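**Student:** Let me begin by handing over the structure; questions about it come next.
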2 protein chains.
Amino acid sequence: MERVTKRPAVTVGTRPGGRSERVVRSVLKAAAEELSLSGFTNFRVEEVALRAAVAKTTIYRRWPTKTDLVAAMLHAPLIADDATVDTGSLRGDLLETLRRGVAKGGTPEGRAAIRMVQAEIENPEVAELVRVLRRARRKAFREVVKRAVARGELAPTVDSNLLLDMIMGPVHGRMRLGEPVPASLMESVVDIVVAGFNAAAAPPRR
Amino acid sequence: MERVTKRPAVTVGTRPGGRSERVVRSVLKAAAEELSLSGFTNFRVEEVALRAAVAKTTIYRRWPTKTDLVAAMLHAPLIADDATVDTGSLRGDLLETLRRGVAKGGTPEGRAAIRMVQAEIENPEVAELVRVLRRARRKAFREVVKRAVARGELAPTVDSNLLLDMIMGPVHGRMRLGEPVPASLMESVVDIVVAGFNAAAAPPRR
DNA sequence: GAACTATCGCAACTCGAAGTTGCGTTTGCA
DNA sequence: TGCAAACGCAACTTCGAGTTGCGATAGTTC
């Protein structure tokens, strides 16, 4: 006479409305707060449960590990505003792209995200998240380059990924250390990179 | 009748020879192995003790925290080869600087170091370590720039720190994700940056 | 609006790794 | 040769991640 009552260990999401939605929202909000207060390393799931006024088990049933929770929390906002920038000029677009990146990485959440990614880069899910975000960003940026080429501001042969890395890379170090990134620095970087791409493309070096 | 036998909780290093030296060396070696095998997050002090055939307490008495141990292990090798590069040309010097940086960051220890720095950047000692290393690197690089200016390859007004960031930054992202950094990429970066600095310096933009 | 069950709350767990303590033993060094 | 610095060992504390079992609540379906 076996009682075969299915007891799902993990919340599956067949009941998305009402209470469940409230729980998810308040947990993610509390997670964001905890992340910006404590950073990833000192992020405590129990503290999130307290903030969200929710049982710790409820959290673990929906997000099996701390990393899952943080990743879920970061996913939406980070992937959201990949709306294409379009200011009308290459310089403007690059500056705007850079500004947005710095704005993202400059917030406590952004820095925490970078930290998490670093600390957990061996974690396949985190690595996959990084790949997804990067792919989205590179794809969006390809449009910027395409328009610049159409305007004659760039050679058609430019490597858009390299261009993106070259404007974002130099400021990443400062962002990672929590240092400010002044607007003048962003402008210098963009100007030098643009000049460099033009000069390197026009005369075939040497 | 108080017995005032001083029992120092932490090893102070008044006895640097013989056994102590052997202990320090084998622990640091074991720590390096463990770091490259497990990364910083999964780095277990007890495992280091086993590898080094040393008591766990011995480790803790000399390096009070896991971070201290890893930092000590990284300090020597990372700060070591800051011998000035001098190939005779700016392009060569930049390439060599970039190559060395990539070589450092490409090893398992290097990646682990980057990861540790990220994860523990709130830790004052780690932050200080980063500042020290960066200061040393920037100082060494200033010589490179000075010689290039003397040769007339750069304007005297260049910001050497910016130049360093602009060659190292773009490849850092790949290094952090454990991706390869092909030589062709390094050359592209250097060429574009050099061209950019020259072009941006000569005509005062606009 | 009644029943079915997904989801939640609660309390008490296990587990693993960091870091500690006390004491006896070895060994560098004066 | 002797004293204290440094080590070995074993048992301990602490803390946070993740688990388990069961009863209570509340979406959803008919």
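Following the order of the structure tokens, chains are lettered A, B, ..., residues in each are numbered from 1, and ligands are numbered from 1.
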Counting only C-alpha atoms (C1' of nucleotides), what is within 12 Å of region 1-17 of chain C, bar same-chain residues fewer than 2 positions away, as a PyMOL selection string?
**Tutor:** (chain A and resi 5-24+49+53-62) or (chain B and resi 41-47+66) or (chain C and resi 19) or (chain D and resi 14-30)
**Student:** With a cut-off of 9 Å and counting only C-alpha atoms (C1' of nucleotides), select all residues of chain C in contact with chain B and give the selection as a VMD selection string.
**Tutor:** chain C and resid 17 to 20 27 to 29
**Student:** Please report as number ranges by chain which residues of chain B come no farther than 8 Å from chain A, using only C-alpha atoms.
**Tutor:** B: 40-41, 114-116, 118-121, 162, 165-173, 176-177, 189, 191-197, 199-200
**Student:** Could you write out as a list in words the residues of chain D within 12 Å of chain B, counting only C-alpha atoms (C1' of nucleotides)?
**Tutor:** DC3, DA4, DA5, DA6, DC7, DG8, DC9 and DA10 of chain D
**Student:** Please save all heavy atoms of the selected residues as a compact mmCIF listing (two decimals), in the first residue's frame.
**Tutor:**
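Saved file part-v9.txt follows:
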# COMPACT_ATOMS: atom_id res chain seq x y z
P DC D 3 67.85 26.30 30.73
OP1 DC D 3 68.44 26.79 32.00
OP2 DC D 3 66.96 25.11 30.72
O5' DC D 3 67.05 27.50 30.04
C5' DC D 3 67.77 28.58 29.43
C4' DC D 3 67.09 29.05 28.16
O4' DC D 3 67.50 28.22 27.03
C3' DC D 3 65.55 28.97 28.19
O3' DC D 3 65.03 30.17 27.65
C2' DC D 3 65.23 27.78 27.29
C1' DC D 3 66.36 27.90 26.26
N1 DC D 3 66.64 26.63 25.53
C2 DC D 3 66.96 26.68 24.17
O2 DC D 3 67.00 27.77 23.59
N3 DC D 3 67.23 25.52 23.50
C4 DC D 3 67.18 24.35 24.15
N4 DC D 3 67.46 23.25 23.48
C5 DC D 3 66.85 24.29 25.55
C6 DC D 3 66.58 25.43 26.18
P DA D 4 63.51 30.61 28.03
OP1 DA D 4 63.61 31.72 29.00
OP2 DA D 4 62.71 29.40 28.34
O5' DA D 4 62.95 31.19 26.66
C5' DA D 4 63.83 31.82 25.76
C4' DA D 4 63.50 31.41 24.33
O4' DA D 4 63.89 30.03 24.11
C3' DA D 4 62.02 31.49 23.96
O3' DA D 4 61.95 31.88 22.61
C2' DA D 4 61.56 30.05 24.11
C1' DA D 4 62.79 29.34 23.54
N9 DA D 4 62.91 27.94 23.89
C8 DA D 4 62.52 27.33 25.04
N7 DA D 4 62.77 26.03 25.06
C5 DA D 4 63.35 25.79 23.82
C6 DA D 4 63.83 24.61 23.21
N6 DA D 4 63.81 23.41 23.82
N1 DA D 4 64.35 24.72 21.97
C2 DA D 4 64.36 25.92 21.39
N3 DA D 4 63.94 27.10 21.85
C4 DA D 4 63.45 26.96 23.09
P DA D 5 60.67 32.69 22.07
OP1 DA D 5 60.85 34.13 22.35
OP2 DA D 5 59.47 31.97 22.54
O5' DA D 5 60.81 32.47 20.52
C5' DA D 5 62.09 32.44 19.93
C4' DA D 5 62.10 31.50 18.74
O4' DA D 5 62.20 30.13 19.19
C3' DA D 5 60.84 31.56 17.87
O3' DA D 5 61.23 31.44 16.51
C2' DA D 5 60.02 30.37 18.35
C1' DA D 5 61.11 29.37 18.71
N9 DA D 5 60.75 28.44 19.77
C8 DA D 5 60.11 28.72 20.94
N7 DA D 5 59.95 27.68 21.73
C5 DA D 5 60.52 26.63 21.02
C6 DA D 5 60.67 25.26 21.31
N6 DA D 5 60.24 24.69 22.43
N1 DA D 5 61.29 24.50 20.39
C2 DA D 5 61.72 25.07 19.25
N3 DA D 5 61.64 26.36 18.87
C4 DA D 5 61.02 27.09 19.82
P DA D 6 60.13 31.76 15.33
OP1 DA D 6 60.88 32.32 14.20
OP2 DA D 6 58.97 32.48 15.90
O5' DA D 6 59.65 30.30 14.94
C5' DA D 6 60.61 29.40 14.39
C4' DA D 6 60.07 27.99 14.44
O4' DA D 6 59.88 27.58 15.81
C3' DA D 6 58.71 27.79 13.76
O3' DA D 6 58.90 26.88 12.69
C2' DA D 6 57.82 27.21 14.85
C1' DA D 6 58.83 26.63 15.82
N9 DA D 6 58.34 26.51 17.19
C8 DA D 6 57.77 27.48 17.95
N7 DA D 6 57.41 27.07 19.16
C5 DA D 6 57.77 25.73 19.16
C6 DA D 6 57.66 24.73 20.14
N6 DA D 6 57.11 24.93 21.34
N1 DA D 6 58.12 23.48 19.82
C2 DA D 6 58.66 23.29 18.60
N3 DA D 6 58.82 24.16 17.60
C4 DA D 6 58.36 25.36 17.96
P DC D 7 57.65 26.44 11.81
OP1 DC D 7 58.18 26.30 10.45
OP2 DC D 7 56.49 27.31 12.10
O5' DC D 7 57.33 24.97 12.35
C5' DC D 7 58.33 23.96 12.23
C4' DC D 7 57.88 22.71 12.94
O4' DC D 7 57.68 23.00 14.33
C3' DC D 7 56.56 22.14 12.43
O3' DC D 7 56.77 20.84 11.91
C2' DC D 7 55.64 22.13 13.64
C1' DC D 7 56.61 22.22 14.80
N1 DC D 7 56.01 22.91 15.98
C2 DC D 7 55.82 22.21 17.17
O2 DC D 7 56.14 21.02 17.22
N3 DC D 7 55.26 22.85 18.23
C4 DC D 7 54.92 24.13 18.13
N4 DC D 7 54.39 24.72 19.20
C5 DC D 7 55.12 24.88 16.92
C6 DC D 7 55.67 24.23 15.88
P DG D 8 55.54 20.04 11.28
OP1 DG D 8 56.10 19.07 10.31
OP2 DG D 8 54.51 21.00 10.85
O5' DG D 8 55.00 19.23 12.56
C5' DG D 8 55.83 18.27 13.17
C4' DG D 8 55.01 17.30 14.00
O4' DG D 8 54.60 17.96 15.23
C3' DG D 8 53.73 16.79 13.34
O3' DG D 8 53.57 15.43 13.72
C2' DG D 8 52.64 17.70 13.94
C1' DG D 8 53.18 17.98 15.34
N9 DG D 8 52.85 19.29 15.89
C8 DG D 8 52.97 20.50 15.26
N7 DG D 8 52.64 21.51 16.01
C5 DG D 8 52.28 20.95 17.21
C6 DG D 8 51.83 21.55 18.41
O6 DG D 8 51.66 22.76 18.65
N1 DG D 8 51.56 20.62 19.41
C2 DG D 8 51.72 19.27 19.26
N2 DG D 8 51.42 18.52 20.32
N3 DG D 8 52.15 18.67 18.14
C4 DG D 8 52.41 19.58 17.16
P DC D 9 52.49 14.52 12.98
OP1 DC D 9 53.06 13.15 12.90
OP2 DC D 9 51.97 15.18 11.78
O5' DC D 9 51.35 14.48 14.09
C5' DC D 9 51.71 14.37 15.46
C4' DC D 9 50.49 14.47 16.36
O4' DC D 9 50.37 15.82 16.88
C3' DC D 9 49.16 14.15 15.68
O3' DC D 9 48.45 13.28 16.52
C2' DC D 9 48.48 15.50 15.55
C1' DC D 9 49.01 16.20 16.80
N1 DC D 9 48.99 17.68 16.73
C2 DC D 9 48.63 18.41 17.88
O2 DC D 9 48.35 17.80 18.91
N3 DC D 9 48.62 19.77 17.84
C4 DC D 9 48.95 20.39 16.69
N4 DC D 9 48.94 21.72 16.69
C5 DC D 9 49.32 19.67 15.51
C6 DC D 9 49.32 18.34 15.59
P DA D 10 47.29 12.33 15.86
OP1 DA D 10 47.71 10.93 16.06
OP2 DA D 10 46.93 12.83 14.53
O5' DA D 10 46.09 12.63 16.87
C5' DA D 10 46.38 12.95 18.22
C4' DA D 10 45.23 13.74 18.81
O4' DA D 10 45.47 15.16 18.64
C3' DA D 10 43.88 13.48 18.14
O3' DA D 10 42.88 13.44 19.15
C2' DA D 10 43.68 14.68 17.22
C1' DA D 10 44.32 15.77 18.09
N9 DA D 10 44.74 16.96 17.35
C8 DA D 10 45.16 17.02 16.05
N7 DA D 10 45.47 18.23 15.65
C5 DA D 10 45.23 19.02 16.77
C6 DA D 10 45.36 20.40 17.00
N6 DA D 10 45.78 21.26 16.08
N1 DA D 10 45.05 20.85 18.24
C2 DA D 10 44.62 19.98 19.16
N3 DA D 10 44.45 18.67 19.06
C4 DA D 10 44.79 18.24 17.82
**Student:** Let's see if you can do this: from backbone DSSP, list all alpha helix (DSSP H) residues in region 10-114 of chain A, as an NGL selection string.
**Tutor:** :A and (18-38 or 45-52 or 56-62 or 66-80 or 90-106 or 108-114)
**Student:** To one decimal in Å, tell me the separation between CA of Ala148 (chain B) and CA of Ala183 (chain B).
**Tutor:** 22.4 Å
**Student:** What is the CA of Gly105 (chain A) to CA of Ala140 (chain B) distance in Å?
**Tutor:** 29.0 Å
**Student:** If we count only C-alpha atoms (C1' of nucleotides), what is near Arg99 (chain A) at a cut-off of 9 Å, once residues fewer than 5 positions away on the same chain are taken out, given as a list in words?
**Tutor:** Leu94, Lys104, Ala183 and Met186 of chain A
**Student:** What does the file look like for those residues with N, CA, C and O atoms, as an mmCIF file, in the first residue's frame?
**Tutor:**
data_model
loop_
_atom_site.group_PDB
_atom_site.id
_atom_site.type_symbol
_atom_site.label_atom_id
_atom_site.label_comp_id
_atom_site.auth_asym_id
_atom_site.auth_seq_id
_atom_site.Cartn_x
_atom_site.Cartn_y
_atom_site.Cartn_z
ATOM 1 N N LEU A 94 30.621 54.898 -30.009
ATOM 2 C CA LEU A 94 31.618 54.233 -29.169
ATOM 3 C C LEU A 94 31.582 54.797 -27.754
ATOM 4 O O LEU A 94 31.629 54.064 -26.764
ATOM 5 N N LYS A 104 27.206 50.125 -16.129
ATOM 6 C CA LYS A 104 26.852 48.795 -15.624
ATOM 7 C C LYS A 104 27.870 48.297 -14.612
ATOM 8 O O LYS A 104 27.523 47.847 -13.524
ATOM 9 N N ALA A 183 35.086 60.835 -17.431
ATOM 10 C CA ALA A 183 34.626 60.979 -18.813
ATOM 11 C C ALA A 183 35.800 61.289 -19.739
ATOM 12 O O ALA A 183 35.854 60.809 -20.874
ATOM 13 N N MET A 186 37.427 58.184 -20.899
ATOM 14 C CA MET A 186 36.664 57.497 -21.933
ATOM 15 C C MET A 186 36.877 58.159 -23.283
ATOM 16 O O MET A 186 37.047 57.484 -24.308
#
**Student:** Hey, can you check how far CA of Pro156 (chain A) sits from CA of Pro182 (chain B)?
**Tutor:**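 That distance, rounded to one decimal, is 22.7 Å.
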